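Have a look at upload_38.txt; it's compact mmCIF, C-alpha atoms and all ligand atoms:
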# COMPACT_ATOMS: atom_id res chain seq x y z
CA MET A 1 104.25 60.19 102.81
CA ARG A 2 107.10 62.69 102.72
CA SER A 3 105.26 65.66 101.23
CA PRO A 4 103.06 66.76 104.16
CA ARG A 5 105.96 67.10 106.58
CA LEU A 6 107.13 70.50 105.37
CA PRO A 7 103.69 72.19 105.40
CA LEU A 8 102.92 70.61 108.78
CA ALA A 9 106.21 71.92 110.11
CA CYS A 10 105.33 75.37 108.73
CA VAL A 11 101.94 75.38 110.47
CA ALA A 12 103.53 74.23 113.72
CA LEU A 13 106.20 76.91 113.41
CA ALA A 14 103.62 79.64 112.73
CA LEU A 15 101.56 78.58 115.75
CA ALA A 16 104.63 78.37 117.94
CA ALA A 17 105.90 81.76 116.81
CA SER A 18 102.81 83.74 117.82
CA PRO A 19 103.06 83.36 121.61
CA ALA A 20 106.75 84.20 121.38
CA ARG A 21 105.76 87.68 120.20
CA ALA A 22 102.86 87.97 122.63
CA GLY A 23 103.85 91.62 123.08
CA GLN A 24 102.19 92.33 119.76
CA SER A 25 100.01 89.28 119.22
CA MET A 26 96.32 89.55 118.40
CA LEU A 27 96.04 86.03 119.84
CA ALA A 28 96.99 87.35 123.29
CA PRO A 29 94.26 89.96 123.83
CA ARG A 30 94.44 92.38 126.75
CA GLY A 31 91.26 94.35 126.17
CA PRO A 32 87.60 93.80 125.23
CA ALA A 33 87.89 94.79 121.55
CA ALA A 34 90.93 92.59 121.00
CA ARG A 35 89.18 89.75 122.85
CA ASP A 36 86.22 89.97 120.46
CA ILE A 37 88.62 89.75 117.52
CA ALA A 38 90.63 86.90 119.03
CA SER A 39 87.49 84.88 119.82
CA LEU A 40 86.78 85.02 116.08
CA GLY A 41 90.39 84.82 114.89
CA SER A 42 91.52 81.79 116.90
CA PRO A 43 88.82 79.39 115.61
CA VAL A 44 89.32 80.71 112.06
CA LEU A 45 93.04 80.01 112.36
CA TRP A 46 92.33 76.45 113.52
CA ILE A 47 89.74 75.84 110.78
CA PHE A 48 92.14 77.08 108.10
CA GLY A 49 94.91 74.97 109.64
CA VAL A 50 92.75 71.84 109.41
CA VAL A 51 91.69 72.70 105.82
CA ALA A 52 95.35 73.18 104.86
CA ILE A 53 96.33 69.82 106.39
CA VAL A 54 93.44 68.01 104.62
CA MET A 55 94.39 69.67 101.32
CA TRP A 56 98.04 68.64 101.65
CA LEU A 57 97.05 65.08 102.57
CA LEU A 58 94.80 64.88 99.50
CA ILE A 59 97.53 66.26 97.24
CA ALA A 60 100.01 63.77 98.67
CA TRP A 61 97.50 60.95 98.23
CA VAL A 62 96.94 61.89 94.57
CA ALA A 63 100.68 62.19 93.95
CA LEU A 64 101.44 58.79 95.48
CA ARG A 65 98.43 57.03 93.98
CA ARG A 66 99.46 57.59 90.32
CA ARG A 67 97.65 54.78 88.57
CA GLY A 68 97.90 54.20 84.83
CA SER A 69 99.24 56.55 82.20
CA LEU A 70 97.95 59.86 80.91
CA GLY A 71 96.39 57.99 78.00
CA ASP A 72 94.22 55.91 80.34
CA HIS A 73 92.61 59.04 81.75
CA ALA A 74 92.11 61.17 78.65
CA PRO A 75 89.58 62.24 77.67
CA ALA A 76 88.01 62.55 81.12
CA GLU A 77 84.70 60.84 81.56
CA ASP A 78 81.78 63.21 81.61
CA ALA A 79 80.78 62.52 85.18
CA GLY A 80 84.27 61.72 86.51
CA GLY A 81 85.22 63.57 89.68
CA GLN A 82 82.28 65.95 89.63
CA GLY A 83 81.18 64.83 93.07
CA TRP A 84 84.58 65.83 94.43
CA ILE A 85 84.34 69.26 92.80
CA LEU A 86 80.77 69.85 94.00
CA ILE A 87 81.39 68.81 97.60
CA GLY A 88 85.06 69.63 98.13
CA GLY A 89 85.32 72.60 95.79
CA PHE A 90 81.96 74.26 96.42
CA ALA A 91 79.77 72.98 99.27
CA ILE A 92 82.42 72.74 102.02
CA PRO A 93 84.21 76.06 101.18
CA PHE A 94 80.83 77.80 100.87
CA ALA A 95 79.69 76.50 104.26
CA ILE A 96 82.98 77.49 105.95
CA LEU A 97 83.27 80.94 104.34
CA ALA A 98 79.58 81.76 104.87
CA GLY A 99 79.90 80.80 108.54
CA ILE A 100 83.00 82.96 108.97
CA PHE A 101 81.32 85.85 107.12
CA ILE A 102 78.31 85.77 109.43
CA ALA A 103 80.52 85.50 112.51
CA THR A 104 82.59 88.45 111.24
CA LEU A 105 79.50 90.62 110.78
CA ALA A 106 78.35 89.69 114.29
CA THR A 107 81.77 90.61 115.72
CA MET A 108 81.83 93.93 113.88
CA ASN A 109 78.30 94.69 115.02
CA ASP A 110 78.97 94.28 118.72
CA PHE A 111 82.34 95.97 118.54
CA PRO A 112 82.90 98.19 121.60
CA MET A 113 82.78 101.29 119.37
CA HIS A 114 79.07 100.90 118.80
CA ASP A 115 77.48 100.67 122.23
CA GLY A 116 75.93 103.76 123.77
CA PRO A 117 75.88 107.32 122.46
CA PRO A 118 79.04 108.80 120.92
CA ARG A 119 81.34 110.35 123.50
CA PRO A 120 83.85 113.13 122.96
CA ALA A 121 87.42 112.05 122.32
CA GLU A 122 89.89 112.20 125.20
CA ILE A 123 92.88 111.75 122.97
CA GLU A 124 93.51 112.90 119.42
CA ILE A 125 96.16 111.13 117.39
CA VAL A 126 97.60 112.65 114.23
CA GLY A 127 99.58 110.36 111.94
CA HIS A 128 102.71 111.78 110.33
CA GLN A 129 105.37 110.25 108.09
CA TRP A 130 106.58 108.58 110.31
CA TRP A 131 105.54 109.31 113.86
CA TRP A 132 102.45 109.80 116.00
CA GLU A 133 101.39 113.18 117.40
CA VAL A 134 99.28 112.70 120.50
CA HIS A 135 96.95 115.39 121.90
CA TYR A 136 95.30 115.02 125.30
CA VAL A 137 92.11 116.98 124.80
CA ALA A 138 89.88 116.05 127.76
CA GLY A 139 88.88 118.80 130.14
CA PRO A 140 89.46 122.55 129.84
CA LEU A 141 91.52 124.07 127.05
CA ALA A 142 94.31 125.08 129.43
CA GLY A 143 94.88 121.45 130.38
CA ARG A 144 95.54 120.25 126.84
CA VAL A 145 98.94 118.85 126.16
CA VAL A 146 100.82 117.36 123.21
CA THR A 147 103.23 114.42 123.27
CA ALA A 148 104.41 111.90 120.71
CA ASN A 149 104.64 108.17 119.98
CA GLU A 150 103.91 106.92 123.50
CA ILE A 151 100.21 106.97 124.27
CA HIS A 152 99.30 106.82 127.94
CA ILE A 153 95.82 105.69 128.92
CA PRO A 154 94.17 104.79 132.21
CA ALA A 155 93.77 101.02 132.56
CA GLY A 156 90.40 99.38 133.15
CA ARG A 157 88.13 101.86 131.41
CA PRO A 158 87.36 102.71 127.76
CA VAL A 159 89.16 105.67 126.19
CA GLU A 160 87.79 107.49 123.15
CA ILE A 161 90.37 108.34 120.53
CA ALA A 162 89.99 110.52 117.43
CA LEU A 163 92.32 109.73 114.54
CA ARG A 164 93.54 112.16 111.89
CA SER A 165 96.36 112.26 109.36
CA ALA A 166 98.66 115.11 108.40
CA ASP A 167 99.82 113.57 105.14
CA VAL A 168 99.01 110.08 103.82
CA ILE A 169 96.87 107.18 105.05
CA HIS A 170 98.23 105.49 108.16
CA SER A 171 96.60 102.86 110.33
CA PHE A 172 96.46 102.78 114.12
CA TRP A 173 96.90 99.23 115.35
CA VAL A 174 97.78 97.84 118.75
CA PRO A 175 96.95 94.13 118.24
CA GLN A 176 96.54 93.30 121.95
CA LEU A 177 93.97 96.05 122.42
CA HIS A 178 91.91 96.58 119.27
CA GLY A 179 91.56 96.20 115.51
CA LYS A 180 93.01 98.51 112.88
CA VAL A 181 91.47 101.90 112.19
CA ASP A 182 92.88 104.06 109.41
CA LEU A 183 94.01 107.66 109.78
CA VAL A 184 92.71 109.26 106.60
CA PRO A 185 93.66 112.75 105.38
CA GLY A 186 90.70 115.14 105.55
CA GLN A 187 88.64 112.85 107.78
CA VAL A 188 88.34 112.07 111.48
CA ASN A 189 87.92 108.43 112.50
CA HIS A 190 87.13 107.22 115.98
CA ILE A 191 88.11 104.26 118.06
CA ARG A 192 87.47 103.22 121.62
CA ILE A 193 90.27 101.30 123.27
CA GLU A 194 90.51 99.68 126.66
CA ALA A 195 93.29 97.80 128.42
CA ASP A 196 92.26 95.34 131.16
CA ARG A 197 95.28 96.10 133.30
CA PRO A 198 98.42 98.23 133.42
CA GLY A 199 101.12 97.39 130.92
CA SER A 200 102.90 98.54 127.79
CA TYR A 201 101.33 97.40 124.53
CA ARG A 202 103.28 97.68 121.30
CA GLY A 203 101.64 98.68 118.08
CA GLU A 204 102.58 99.63 114.57
CA CYS A 205 101.24 101.58 111.68
CA GLY A 206 99.13 99.02 109.82
CA GLU A 207 98.98 100.69 106.42
CA TYR A 208 101.94 101.12 104.08
CA CYS A 209 102.75 104.84 104.21
CA GLY A 210 106.17 105.29 102.64
CA ALA A 211 109.81 104.42 103.10
CA GLN A 212 109.79 104.27 106.92
CA HIS A 213 106.39 102.61 107.38
CA ALA A 214 108.09 99.75 109.25
CA HIS A 215 109.65 102.34 111.58
CA MET A 216 106.30 103.84 112.58
CA ILE A 217 105.94 102.08 115.91
CA LEU A 218 103.93 103.17 118.91
CA HIS A 219 103.41 102.06 122.47
CA VAL A 220 100.22 102.31 124.47
CA VAL A 221 101.13 102.56 128.15
CA ALA A 222 98.15 101.69 130.34
CA GLU A 223 98.47 102.81 133.95
CA ALA A 224 96.41 102.69 137.13
CA PRO A 225 94.13 105.78 137.16
CA ASP A 226 96.11 107.65 139.84
CA ARG A 227 99.43 107.05 138.07
CA TYR A 228 97.87 108.13 134.79
CA ALA A 229 96.60 111.33 136.40
CA ALA A 230 100.07 112.02 137.83
CA TRP A 231 101.67 111.36 134.43
CA LEU A 232 99.23 113.73 132.70
CA ALA A 233 99.79 116.43 135.34
CA HIS A 234 103.54 116.14 134.80
CA GLN A 235 103.18 116.33 131.02
CA ARG A 236 101.26 119.59 131.46
CA THR A 237 104.20 121.24 133.20
CA PRO A 238 106.65 123.26 131.10
CA ALA A 239 110.09 121.87 130.35
CA ALA A 240 112.65 121.51 133.12
CA THR A 241 115.07 124.40 133.55
CA PRO A 242 118.59 123.16 132.76
CA ALA A 243 120.16 122.39 136.12
CA ASN A 244 123.84 122.33 135.27
CA ALA A 245 126.28 124.26 133.07
CA VAL A 246 126.48 121.60 130.36
CA ALA A 247 122.71 121.40 129.97
CA GLN A 248 122.48 125.21 130.03
CA ALA A 249 125.01 125.36 127.21
CA GLY A 250 122.99 122.64 125.47
CA GLN A 251 119.86 124.75 125.68
CA ARG A 252 121.74 127.63 124.00
CA VAL A 253 122.84 125.20 121.27
CA TYR A 254 119.26 123.97 120.88
CA LEU A 255 117.89 127.50 120.54
CA ALA A 256 120.63 128.53 118.09
CA GLN A 257 120.31 125.49 115.83
CA ALA A 258 117.63 124.38 113.35
CA CYS A 259 115.85 122.45 116.17
CA VAL A 260 113.62 125.46 116.93
CA LEU A 261 112.29 125.52 113.37
CA CYS A 262 110.43 122.22 113.86
CA HIS A 263 110.08 121.39 117.55
CA THR A 264 108.38 122.70 120.66
CA VAL A 265 109.92 122.81 124.10
CA ARG A 266 107.26 124.48 126.23
CA GLY A 267 108.70 127.16 128.47
CA THR A 268 111.19 128.29 125.81
CA ARG A 269 110.76 130.27 122.60
CA SER A 270 110.90 126.99 120.64
CA LEU A 271 107.26 126.56 119.62
CA ALA A 272 107.21 125.01 116.16
CA THR A 273 104.91 122.09 115.47
CA ILE A 274 106.39 120.31 112.44
CA GLY A 275 108.19 117.63 114.46
CA PRO A 276 107.41 115.92 117.77
CA ASP A 277 106.97 118.02 120.93
CA LEU A 278 110.19 117.65 122.94
CA THR A 279 109.03 119.22 126.22
CA HIS A 280 109.29 115.88 128.03
CA VAL A 281 111.10 113.86 125.38
CA ALA A 282 113.37 112.15 127.91
CA SER A 283 110.34 110.69 129.70
CA ARG A 284 109.49 108.56 126.67
CA GLY A 285 110.71 105.00 126.24
CA THR A 286 111.59 105.24 122.56
CA LEU A 287 113.21 107.75 120.26
CA ALA A 288 111.76 108.52 116.81
CA THR A 289 109.31 105.61 117.48
CA ALA A 290 111.84 102.89 116.69
CA PHE A 291 115.00 103.31 118.77
CA PRO A 292 115.93 103.07 122.44
CA ASN A 293 115.83 106.49 124.05
CA ASP A 294 119.39 106.47 125.36
CA ARG A 295 122.42 108.72 124.98
CA ALA A 296 123.98 106.76 122.10
CA TYR A 297 120.84 106.80 119.97
CA LEU A 298 120.03 110.39 120.93
CA THR A 299 123.48 111.49 119.74
CA ALA A 300 123.17 109.43 116.57
CA TRP A 301 119.67 110.74 115.91
CA VAL A 302 120.60 114.40 116.39
CA THR A 303 123.62 114.18 114.09
CA HIS A 304 122.69 111.44 111.60
CA ALA A 305 118.92 111.00 111.59
CA GLN A 306 119.02 110.20 107.88
CA SER A 307 121.18 107.14 108.54
CA LEU A 308 118.74 105.81 111.15
CA LYS A 309 115.51 106.71 109.34
CA PRO A 310 116.24 107.61 105.70
CA GLY A 311 113.61 109.92 104.26
CA ALA A 312 112.39 111.26 107.62
CA GLN A 313 111.95 115.03 107.83
CA MET A 314 114.61 115.29 110.55
CA PRO A 315 117.82 116.42 108.80
CA ASP A 316 121.38 115.44 109.72
CA LEU A 317 122.86 118.16 111.95
CA THR A 318 126.55 117.74 111.25
CA GLN A 319 127.47 121.41 111.57
CA MET A 320 127.83 121.22 115.37
CA THR A 321 131.17 120.60 117.06
CA GLY A 322 131.52 117.47 119.16
CA GLU A 323 131.25 119.56 122.32
CA GLU A 324 128.08 121.28 121.12
CA THR A 325 126.55 117.90 120.27
CA GLN A 326 127.31 116.60 123.77
CA GLN A 327 125.82 119.73 125.32
CA LEU A 328 122.69 119.46 123.16
CA VAL A 329 122.26 115.80 124.09
CA ALA A 330 122.76 116.64 127.79
CA TYR A 331 120.01 119.27 127.47
CA LEU A 332 117.58 116.86 125.76
CA GLU A 333 118.33 114.12 128.30
CA GLN A 334 117.09 116.23 131.18
CA LEU A 335 113.77 117.09 129.50
CA ARG A 336 112.00 114.54 131.68
CU1 LIG A 401 102.19 105.16 108.78
CU2 LIG A 401 102.52 103.04 107.70

What is this file in structure tokens?
Ligand code: CUA
Amino acid sequence: MRSPRLPLACVALALAASPARAGQSMLAPRGPAARDIASLGSPVLWIFGVVAIVMWLLIAWVALRRRGSLGDHAPAEDAGGQGWILIGGFAIPFAILAGIFIATLATMNDFPMHDGPPRPAEIEIVGHQWWWEVHYVAGPLAGRVVTANEIHIPAGRPVEIALRSADVIHSFWVPQLHGKVDLVPGQVNHIRIEADRPGSYRGECGEYCGAQHAHMILHVVAEAPDRYAAWLAHQRTPAATPANAVAQAGQRVYLAQACVLCHTVRGTRSLATIGPDLTHVASRGTLATAFPNDRAYLTAWVTHAQSLKPGAQMPDLTQMTGEETQQLVAYLEQLR
């Protein structure tokens, strides 16, 4: 019985690997929608695991049994093995798949999106190749604010989100909080997400959308309501005035370079909306969705974005002197 060892080891490895990446595991739910999915997904995983083990045991049994020659078994008897096919190949798979199908419909039907009347979205997310534009649209028009890639929500209550796309189909997916919902050009989709308690939940674009699809990461940061309110109030403020000479020089570099053609820094004359809003870029945990937001990556991103994320709309800015680059980075670093 050597054959089953490898598949068994693979199943064990797969099961062991999931908790290790609990930060993005649908088997470690942290919200009601994800819990609904996990309560369906976990038994399905176990059922399929058992089916796989039984299949491998049967294959091993057949391989080791090997009785007689090919001639002894050909032609097959008319009724030979039909019971196996009827029960093992039809009845059991039909029963399992029908059960899972019904359970899936039930899960979809009581998904948190569907209870109560539709509510207006608090947050609008626009998918871009390859980043997330995030609009906070609750309350009066004057209080609206735009950020990118890091989505803050209050913990412990449902948040309505509207999803749009600026280019191709993307998919919004934070496995610990909810199931995938696509961002489709020309259409608005809705999702309601809820995190049980404060924390940072990693997600990724769940639909192949071009060269940097794998670098289209997002984080949902759930905070206690008062901290969330404070965060939102801070995001509404215009950008910090550069406090020292280096950052002031950096702001002049920023305003003289191509940066202003694509980005917004509220409080300056840089008001373009092609790329992410940079008003509070230094307050975000990641840079360009996929990299640590530190000085080294910021410098590399500003000068050689195409090396970090080939195909992204951010061009390499190699025309600046080393001093200008340092000043620009110093300016961006204090946009907290
Ligand atoms: Cu956006 Cu994949």

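Candidate residues A:Val253, A:Leu232, A:Val220, A:Ala214 were compared for distance to Lys309 (chain A), and the nearest is A:Ala214, using all atoms listed in the file.
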
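You can rank A:Trp130, A:Tyr136, A:Tyr254, A:Trp301 by their closest distance to Glu204 (chain A) using only C-alpha atoms, and at the top of that list sits A:Trp130.
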
Using all atoms listed in the file, find each protein or nucleic acid residue lying at most 7 Å from ligand LIG 401 (chain A); present the set as a short mmCIF file (atom, residue, chain, number, x, y, z; two decimals) with C-alpha atoms, in the frame of the given file.
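And here is the file that came out, out-v7.cif:
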data_model
loop_
_atom_site.label_atom_id
_atom_site.label_comp_id
_atom_site.auth_asym_id
_atom_site.auth_seq_id
_atom_site.Cartn_x
_atom_site.Cartn_y
_atom_site.Cartn_z
CA GLY A 127 99.58 110.36 111.94
CA HIS A 128 102.71 111.78 110.33
CA GLN A 129 105.37 110.25 108.09
CA TRP A 130 106.58 108.58 110.31
CA ILE A 169 96.87 107.18 105.05
CA HIS A 170 98.23 105.49 108.16
CA SER A 171 96.60 102.86 110.33
CA CYS A 205 101.24 101.58 111.68
CA GLY A 206 99.13 99.02 109.82
CA GLU A 207 98.98 100.69 106.42
CA TYR A 208 101.94 101.12 104.08
CA CYS A 209 102.75 104.84 104.21
CA GLY A 210 106.17 105.29 102.64
CA HIS A 213 106.39 102.61 107.38
CA ALA A 214 108.09 99.75 109.25
CA MET A 216 106.30 103.84 112.58
#

Next on the checklist: I'd like the neighbourhood of His178 (chain A) as a PyMOL selection string, where a residue qualifies if any of its atoms comes within 7 Å (using only C-alpha atoms), though same-chain residues fewer than 4 positions away should be ignored.
Outcome noted: chain A and resi 33-34+173-174+193

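Using only C-alpha atoms, the nearest neighbour of Ala258 (chain A) within the list A:Pro315, A:Gly179, A:Gly88, A:Pro238 is A:Pro315.
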
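Restricting the calculation to all atoms listed in the file, the smallest distance between Gln187 (chain A) and any of A:Asp72, A:Asp167, A:Glu133, A:Asp36 is found for A:Asp167.
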
Next on the checklist: Neighbouring residues of Ala106 (chain A) were defined as those with any atom within 12 Å, considering only C-alpha atoms; residues of the same chain fewer than 5 positions away were excluded. Please report them as a list in words.
Outcome noted: Asp36, Ile37, Ser39, Leu40, Gly99, Ile100, Phe101 and Phe111 of chain A

Enclose region 198-212 of chain A, meaning all of its atoms listed in the file, in a box aligned along x, y and z, pad it by 5 Å on each side, and list the centre and edge lengths in Å to one decimal, as AutoDock Vina command-line options.
--center_x 104.1 --center_y 101.3 --center_z 118.0 --size_x 21.4 --size_y 17.9 --size_z 40.8

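When only C-alpha atoms are used to compute distances to Leu278 (chain A), the closest of the residues A:Asp294, A:Glu333, A:Asp226, A:Glu324 turns out to be A:Glu333.
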
Checklist entry - Suppose you want the space between CA of Phe90 (chain A) and CA of Trp56 (chain A); what is it in Å? => result 17.8 Å

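Proximity ranking of A:Gln327, A:Gly23, A:Pro158, A:Val221 relative to Arg192 (chain A) places A:Pro158 first, based on only C-alpha atoms.
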
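Interatomic distance, CA of Arg157 (chain A) to CA of Ile217 (chain A): 23.6 Å.
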
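One finds CA of Leu298 (chain A) at 9.8 Å from CA of Ala282 (chain A).
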
Item to check | 12 Å contact set for Gly275 (chain A), all atoms listed in the file, chain neighbours under 3 positions out, as a ChimeraX atom specification | outcome: /A:126-134,146-149,166,258-265,270-272,278-279,281,288,312-315

Same residues, C-alpha atoms, saved as a tab-separated table (two decimals), in the frame of the given file:
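Result saved to result.tsv:
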chain	number	residue	atom	x	y	z
A	126	VAL	CA	97.60	112.65	114.23
A	127	GLY	CA	99.58	110.36	111.94
A	128	HIS	CA	102.71	111.78	110.33
A	129	GLN	CA	105.37	110.25	108.09
A	130	TRP	CA	106.58	108.58	110.31
A	131	TRP	CA	105.54	109.31	113.86
A	132	TRP	CA	102.45	109.80	116.00
A	133	GLU	CA	101.39	113.18	117.40
A	134	VAL	CA	99.28	112.70	120.50
A	146	VAL	CA	100.82	117.36	123.21
A	147	THR	CA	103.23	114.42	123.27
A	148	ALA	CA	104.41	111.90	120.71
A	149	ASN	CA	104.64	108.17	119.98
A	166	ALA	CA	98.66	115.11	108.40
A	258	ALA	CA	117.63	124.38	113.35
A	259	CYS	CA	115.85	122.45	116.17
A	260	VAL	CA	113.62	125.46	116.93
A	261	LEU	CA	112.29	125.52	113.37
A	262	CYS	CA	110.43	122.22	113.86
A	263	HIS	CA	110.08	121.39	117.55
A	264	THR	CA	108.38	122.70	120.66
A	265	VAL	CA	109.92	122.81	124.10
A	270	SER	CA	110.90	126.99	120.64
A	271	LEU	CA	107.26	126.56	119.62
A	272	ALA	CA	107.21	125.01	116.16
A	278	LEU	CA	110.19	117.65	122.94
A	279	THR	CA	109.03	119.22	126.22
A	281	VAL	CA	111.10	113.86	125.38
A	288	ALA	CA	111.76	108.52	116.81
A	312	ALA	CA	112.39	111.26	107.62
A	313	GLN	CA	111.95	115.03	107.83
A	314	MET	CA	114.61	115.29	110.55
A	315	PRO	CA	117.82	116.42	108.80

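Every polymer residue reaching to within 12 Å of (100.0, 105.7, 138.6), counting all atoms listed in the file, appears in this list: His152, Ile153, Pro154, Ala155, Arg197, Pro198, Gly199, Val221, Ala222, Glu223, Ala224, Pro225, Asp226, Arg227, Tyr228, Ala229, Ala230, Trp231, Leu232, Ala233 and His234 of chain A.
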
Next on the checklist: Show me, as a list in words, the residues that have an atom within 12 Å of Ala296 (chain A) when counting only C-alpha atoms, minus same-chain residues fewer than 4 positions from it.
Outcome noted: Leu287, Phe291, Pro292, Ala300, Trp301, Val302, Thr303, His304, Thr325, Gln326, Val329, Ala330 and Glu333 of chain A
